[in-house]
Structure formats: C-alpha cells, structure tokens
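Pasted below: coords-v7.pdb, PDB, C-alpha atoms and all ligand atoms.
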ATOM      1  CA  MET I1395      74.614 115.640 164.586
ATOM      2  CA  PHE I1396      73.528 112.185 163.510
ATOM      3  CA  GLY I1397      74.026 112.974 159.824
ATOM      4  CA  ARG I1398      73.226 110.066 157.548
ATOM      5  CA  ARG I1399      71.643 107.842 160.153
ATOM      6  CA  ARG I1400      69.845 104.742 158.952
ATOM      7  CA  TRP I1401      67.327 104.577 161.758
ATOM      8  CA  ALA I1402      65.617 107.007 164.075
ATOM      9  CA  PRO I1403      67.810 107.994 167.007
ATOM     10  CA  LEU I1404      67.378 106.034 170.196
ATOM     11  CA  ALA I1405      65.621 107.654 173.135
ATOM     12  CA  PRO I1406      67.920 109.559 175.535
ATOM     13  CA  ALA I1407      67.172 107.080 178.337
ATOM     14  CA  VAL I1408      68.201 104.180 176.114
ATOM     15  CA  LEU I1409      71.429 105.940 175.097
ATOM     16  CA  ALA I1410      72.125 106.653 178.775
ATOM     17  CA  THR I1411      71.771 102.957 179.612
ATOM     18  CA  ILE I1412      74.079 102.006 176.745
ATOM     19  CA  ALA I1413      76.596 104.612 177.944
ATOM     20  CA  LYS I1414      76.415 103.254 181.494
ATOM     21  CA  ALA I1415      76.962  99.710 180.255
ATOM     22  CA  ASN I1416      79.968 100.871 178.251
ATOM     23  CA  GLN I1417      81.440 102.592 181.312
ATOM     24  CA  LEU I1418      81.087  99.332 183.211
ATOM     25  CA  ILE I1419      82.811  97.427 180.393
ATOM     26  CA  ALA I1420      85.625  99.993 180.328
ATOM     27  CA  SER I1421      86.154  99.578 184.074
ATOM     28  CA  ASN I1422      86.309  95.763 183.894
ATOM     29  CA  HIS I1423      82.717  95.154 184.987
ATOM     30  CA  ALA I1424      81.490  93.462 181.827
ATOM     31  CA  ASP I1425      79.672  90.965 184.065
ATOM     32  CA  GLN I1426      77.377  93.789 185.241
ATOM     33  CA  ALA I1427      77.034  95.369 181.815
ATOM     34  CA  ALA I1428      76.068  92.149 180.020
ATOM     35  CA  PRO I1429      72.606  91.617 181.573
ATOM     36  CA  MET I1430      71.805  95.331 181.142
ATOM     37  CA  LEU I1431      72.577  95.091 177.440
ATOM     38  CA  ALA I1432      70.683  91.832 177.008
ATOM     39  CA  GLN I1433      67.624  93.303 178.725
ATOM     40  CA  LEU I1434      67.797  96.454 176.631
ATOM     41  CA  ALA I1435      68.055  94.378 173.453
ATOM     42  CA  GLN I1436      64.928  92.496 174.463
ATOM     43  CA  ASP I1437      63.057  95.719 175.299
ATOM     44  CA  LEU I1438      63.953  97.310 171.945
ATOM     45  CA  GLU I1439      62.963  94.144 170.112
ATOM     46  CA  GLY I1440      59.570  94.313 171.802
ATOM     47  CA  ARG I1441      59.208  97.887 170.583
ATOM     48  CA  GLY I1442      60.006  96.976 166.987
ATOM     49  CA  ARG I1443      63.515  98.472 167.001
ATOM     50  CA  ALA I1444      64.994  95.408 165.358
ATOM     51  CA  ARG I1445      68.277  96.803 164.140
ATOM     52  CA  PRO I1446      69.563  98.429 167.349
ATOM     53  CA  ALA I1447      68.213  95.402 169.226
ATOM     54  CA  ALA I1448      70.351  93.113 167.062
ATOM     55  CA  ASN I1449      73.408  95.275 167.731
ATOM     56  CA  LEU I1450      72.768  95.224 171.477
ATOM     57  CA  HIS I1451      72.482  91.421 171.445
ATOM     58  CA  ALA I1452      75.913  91.481 169.802
ATOM     59  CA  GLU I1453      77.352  93.786 172.424
ATOM     60  CA  ALA I1454      75.793  91.663 175.185
ATOM     61  CA  ALA I1455      77.464  88.602 173.637
ATOM     62  CA  HIS I1456      80.832  90.375 173.763
ATOM     63  CA  ALA I1457      80.249  91.419 177.381
ATOM     64  CA  TYR I1458      79.262  87.894 178.438
ATOM     65  CA  ALA I1459      82.273  86.499 176.572
ATOM     66  CA  ALA I1460      84.536  88.980 178.369
ATOM     67  CA  SER I1461      83.140  87.825 181.716
ATOM     68  CA  ARG I1462      83.410  84.151 180.723
ATOM     69  CA  ASN I1463      79.703  83.356 180.947
ATOM     70  CA  GLU I1464      79.723  80.836 178.128
ATOM     71  CA  SER I1465      76.055  79.839 177.916
ATOM     72  CA  ALA I1466      74.812  83.435 178.049
ATOM     73  CA  ALA I1467      77.424  84.543 175.507
ATOM     74  CA  LEU I1468      76.282  81.784 173.166
ATOM     75  CA  ALA I1469      72.593  82.671 173.574
ATOM     76  CA  GLN I1470      73.222  86.367 172.869
ATOM     77  CA  ALA I1471      75.501  85.616 169.903
ATOM     78  CA  ARG I1472      72.823  83.343 168.420
ATOM     79  CA  ALA I1473      70.180  86.052 168.822
ATOM     80  CA  ALA I1474      72.475  88.640 167.223
ATOM     81  CA  LEU I1475      73.428  86.447 164.268
ATOM     82  CA  ASN I1476      69.852  85.322 163.602
ATOM     83  CA  GLN I1477      68.703  88.932 163.586
ATOM     84  CA  PHE I1478      71.622  90.233 161.505
ATOM     85  CA  LEU I1479      70.839  87.518 158.934
ATOM     86  CA  GLN I1480      67.132  88.244 158.993
ATOM     87  CA  LEU I1481      67.748  91.985 158.603
ATOM     88  CA  GLN I1482      70.302  91.290 155.850
ATOM     89  CA  MET I1483      72.920  93.364 157.656
ATOM     90  CA  ALA I1484      75.519  92.224 155.163
ATOM     91  CA  ARG I1485      78.597  93.727 156.784
ATOM     92  CA  ARG I1486      77.641  93.027 160.384
ATOM     93  CA  VAL I1487      77.102  89.310 159.732
ATOM     94  CA  PRO I1488      80.715  88.359 158.864
ATOM     95  CA  THR I1489      82.277  91.038 161.073
ATOM     96  CA  PHE I1490      80.437  90.042 164.248
ATOM     97  CA  TYR I1491      80.739  86.322 163.501
ATOM     98  CA  GLY I1492      84.507  86.635 163.070
ATOM     99  CA  ASN I1493      84.951  88.796 166.167
ATOM    100  CA  ILE I1494      82.792  86.790 168.562
ATOM    101  CA  THR I1495      84.146  83.359 167.591
ATOM    102  CA  ARG I1496      87.691  84.710 167.969
ATOM    103  CA  LYS I1497      86.857  86.240 171.356
ATOM    104  CA  LEU I1498      85.174  83.078 172.643
ATOM    105  CA  ARG I1499      88.224  81.013 171.711
ATOM    106  CA  ALA I1500      90.606  83.585 173.214
ATOM    107  CA  ASN I1501      88.687  83.360 176.502
ATOM    108  CA  GLY I1502      88.714  79.567 176.645
ATOM    109  CA  MET I1503      85.163  78.991 175.389
ATOM    110  CA  SER I1504      85.895  76.889 172.334
ATOM    111  CA  ALA I1505      82.732  74.812 172.769
ATOM    112  CA  ALA I1506      80.545  77.878 172.244
ATOM    113  CA  ALA I1507      82.677  78.978 169.278
ATOM    114  CA  ASP I1508      82.378  75.489 167.738
ATOM    115  CA  THR I1509      78.605  75.557 168.222
ATOM    116  CA  LEU I1510      78.321  78.913 166.466
ATOM    117  CA  GLN I1511      80.539  77.674 163.665
ATOM    118  CA  LYS I1512      78.368  74.607 163.200
ATOM    119  CA  GLU I1513      75.096  76.538 163.304
ATOM    120  CA  PHE I1514      76.118  79.654 161.371
ATOM    121  CA  GLY I1515      79.295  78.939 159.401
ATOM    122  CA  ASP I1516      77.477  78.088 156.159
ATOM    123  CA  LYS I1517      74.978  80.933 156.544
ATOM    124  CA  VAL I1518      77.751  83.473 157.084
ATOM    125  CA  LYS I1519      79.908  82.387 154.146
ATOM    126  CA  PRO I1520      77.913  84.189 151.401
ATOM    127  CA  PHE I1521      78.324  87.435 153.382
ATOM    128  CA  GLU I1522      82.117  87.247 153.699
ATOM    129  CA  LYS I1523      82.534  89.378 150.602
ATOM    130  CA  PHE I1524      80.683  92.238 152.325
ATOM    131  CA  ARG I1525      83.121  92.422 155.217
ATOM    132  CA  SER I1526      83.408  96.043 156.239
ATOM    133  CA  ALA I1527      84.934  98.683 154.002
ATOM    134  CA  SER I1528      87.848 100.544 155.460
ATOM    135  CA  PRO I1529      88.719 104.092 156.432
ATOM    136  CA  ALA I1530      90.445 106.470 154.053
ATOM    137  CA  GLN I1531      94.196 106.530 154.434
ATOM    138  CA  GLY I1532      95.348 108.487 157.456
ATOM    139  CA  ARG I1533      91.855 108.731 158.988
ATOM    140  CA  ARG I1534      91.247 107.271 162.405
ATOM    141  CA  LEU I1535      88.187 106.766 164.567
ATOM    142  CA  PRO I1536      88.037 108.328 168.019
ATOM    143  CA  ALA I1537      88.436 105.745 170.789
ATOM    144  CA  ASN I1538      84.757 105.932 171.709
ATOM    145  CA  CYS I1539      81.475 106.699 170.001
ATOM    146  CA  PRO I1540      80.539 110.315 170.863
ATOM    147  CA  HIS I1541      76.854 109.318 171.105
ATOM    148  CA  CYS I1542      76.841 106.254 173.360
ATOM    149  CA  GLY I1543      80.403 105.796 174.593
ATOM    150  CA  ALA I1544      80.907 102.335 173.072
ATOM    151  CA  ALA I1545      84.446 101.529 171.990
ATOM    152  CA  ALA I1546      84.660 102.533 168.318
ATOM    153  CA  ARG I1547      86.649  99.677 166.855
ATOM    154  CA  SER I1548      87.523  99.970 163.209
ATOM    155  CA  ASP I1549      86.583  96.355 162.557
ATOM    156  CA  GLU I1550      83.206  96.569 164.303
ATOM    157  CA  VAL I1551      81.708  99.785 163.005
ATOM    158  CA  ASP I1552      79.819  99.998 159.718
ATOM    159  CA  TRP I1553      81.817 102.243 157.390
ATOM    160  CA  ILE I1554      79.654 104.730 155.488
ATOM    161  CA  ASP I1555      82.519 106.238 153.531
ATOM    162  CA  GLY I1556      86.233 106.841 154.103
ATOM    163  CA  GLN I1557      85.548 109.564 156.673
ATOM    164  CA  SER I1558      82.613 108.320 158.682
ATOM    165  CA  ALA I1559      81.231 105.152 160.163
ATOM    166  CA  GLU I1560      78.024 104.105 161.847
ATOM    167  CA  CYS I1561      78.340 103.033 165.476
ATOM    168  CA  ALA I1562      77.502  99.355 165.681
ATOM    169  CA  TYR I1563      75.629  99.866 168.935
ATOM    170  CA  CYS I1564      73.644 103.113 168.795
ATOM    171  CA  GLY I1565      73.607 103.834 165.067
ATOM    172  CA  GLY I1566      75.086 107.306 165.487
ATOM    173  CA  VAL I1567      77.567 108.526 162.897
ATOM    174  CA  ILE I1568      81.172 108.654 164.091
ATOM    175  CA  GLN I1569      83.481 111.008 162.205
ATOM    176  CA  THR I1570      87.108 110.084 161.757
ATOM    177  CA  LYS I1571      89.834 112.574 162.529
TER     178      LYS I1571
HETATM  179 ZN    ZN M1601      77.330 104.692 169.621
END

Please go through the file and, once you have read it, give me the structure as structure tokens.
Ligand SMILES: [Zn+2]
Amino acid sequence: MFGRRRWAPLAPAVLATIAKANQLIASNHADQAAPMLAQLAQDLEGRGRARPAANLHAEAAHAYAASRNESAALAQARAALNQFLQLQMARRVPTFYGNITRKLRANGMSAAADTLQKEFGDKVKPFEKFRSASPAQGRRLPANCPHCGAAARSDEVDWIDGQSAECAYCGGVIQTK
C-alpha cells in the first residue's frame, strides 16, 4: 500500500495522532492541532525519525500560522527549514519556504515572514530549481492523503512521477486519479 516509500512507515499511533490533528485543522481548530504536531515532531526527532519530524515541524508551522500564533509559527518554520536543509530535501526547501512565507503574510504576520526571508532567503535560493515536479496532464490528487488525512495539496506533496506523490506529512504514497 505504501509502494515506493522513502522511509519506514510511521507507527499506527503516530499516524492516528496526525489524522486527529488534521481533523482539527479541517474543522477550524488549528490552534489545538498545532501543539500536537509540534510535540509529535519533537518526539520523532528524539527517536531519530528526522524526515517525518521535519515535515511535522512544517505542518505545525502552518497550523500556528493559521491560528495567528506568530512566535510559535516562526519557531516551527525555522525548525522545519533547518532540518529540510540539513536533510537536503531539495524540493521541500523551496516549496515550504514559499508556502509558509506567503501564508504568514496573508495572515498579517509580515514580521515573521521578513525574519524567515532574512535568515533563509539566501540558503533557499540554490534549491529553487528543484521546486516540485508536477502531475501528468489530467491527473489529480485526492483531497486528502489516504494514510494520514492531511490535505493533499499539489504544491506541497513531493511528486514521485506523474501519477503518484509522497505525502509531505506521513510519507505515504498518494495515487492520483
Ligand atoms: Zn499522509
């Protein structure tokens, strides 16, 4: 079911927590989901699961940005970007950087966006050329990841080929339809 995964699947309890956080986000409770995701990121980091941890820091940053908690959003975005850079996640670096700075500005948190730009702008630039590939013509992602329930946004997933993408949050493979 996971197909060409690039890391071992997450434990069922971890996936359940991610799914619960995503339900909260979908029902406008990003403020409750954000600390769950941040905590989970920290736990996974402690267990050496660097890549999913980095992705969860990114999702926590989005959830804090959605609930207008500027300092927490900035802290989580920093953690995500530092880890994406360290792990050389070439497509995630420019994709997440672009999305989170845009979201911070859209939600009135320009100071945090400016800070990220100052700290990471130059480091992100060399990765711009790796910005995510795109789906084959006529193929679309389902609205949510079938493994963890996260919104499957075309510009946030990691495209494997024209028909399938890797969920940015749980690493499961999402097939287009
Ligand atoms: Zn997923």

Could you build a table of the residues in chain I lying no more than 6 Å from ligand ZN 1601 (chain M), giving for each the nearest pair of atoms and their separation in Å rounded to one decimal place, using all atoms listed in the file, ordered by chain and ascending residue number, as a Markdown table?
| residue | atom | partner | partner_atom | distance |
| --- | --- | --- | --- | --- |
| I:Cys1539 | CA | M:ZN1601 | ZN | 4.6 |
| I:His1541 | CA | M:ZN1601 | ZN | 4.9 |
| I:Cys1542 | CA | M:ZN1601 | ZN | 4.1 |
| I:Gly1543 | CA | M:ZN1601 | ZN | 5.9 |
| I:Ala1544 | CA | M:ZN1601 | ZN | 5.5 |
| I:Cys1561 | CA | M:ZN1601 | ZN | 4.6 |
| I:Tyr1563 | CA | M:ZN1601 | ZN | 5.2 |
| I:Cys1564 | CA | M:ZN1601 | ZN | 4.1 |
| I:Gly1565 | CA | M:ZN1601 | ZN | 5.9 |
| I:Gly1566 | CA | M:ZN1601 | ZN | 5.4 |

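Ranking I:Thr1509, I:Ala1460, I:Leu1475, I:Ala1432 by their shortest atom-to-atom distance to Ala1420 of chain I, with all atoms listed in the file included, puts I:Ala1460 first.
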
**Asked** Between I:Lys1414, I:Glu1464, I:Gln1470, I:Gln1511, which has the minimum distance to Gln1436 of chain I (counting only C-alpha atoms)?
**Response**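 Smallest separation from Gln1436 of chain I among the options: I:Gln1470.
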
**Message:** Please expand the PyMOL selection byres (((chain I and resi 1555) around 10) and not hetatm) into the concrete residues it hits in this file, giving the result as a PyMOL selection string.
**Reply:** chain I and resi 1527-1530+1552-1554+1556-1560+1569

**Item:** Neighbour list for Ala1428 of chain I as JSON, numbers by chain, cut-off 10 Å, all atoms listed in the file, skip fewer than 2 positions in-chain
**Value:** {"I": [1415, 1416, 1418, 1419, 1423, 1424, 1425, 1426, 1430, 1431, 1432, 1433, 1434, 1450, 1451, 1453, 1454, 1455, 1456, 1457, 1458, 1459, 1460, 1461, 1463, 1466, 1467, 1470]}
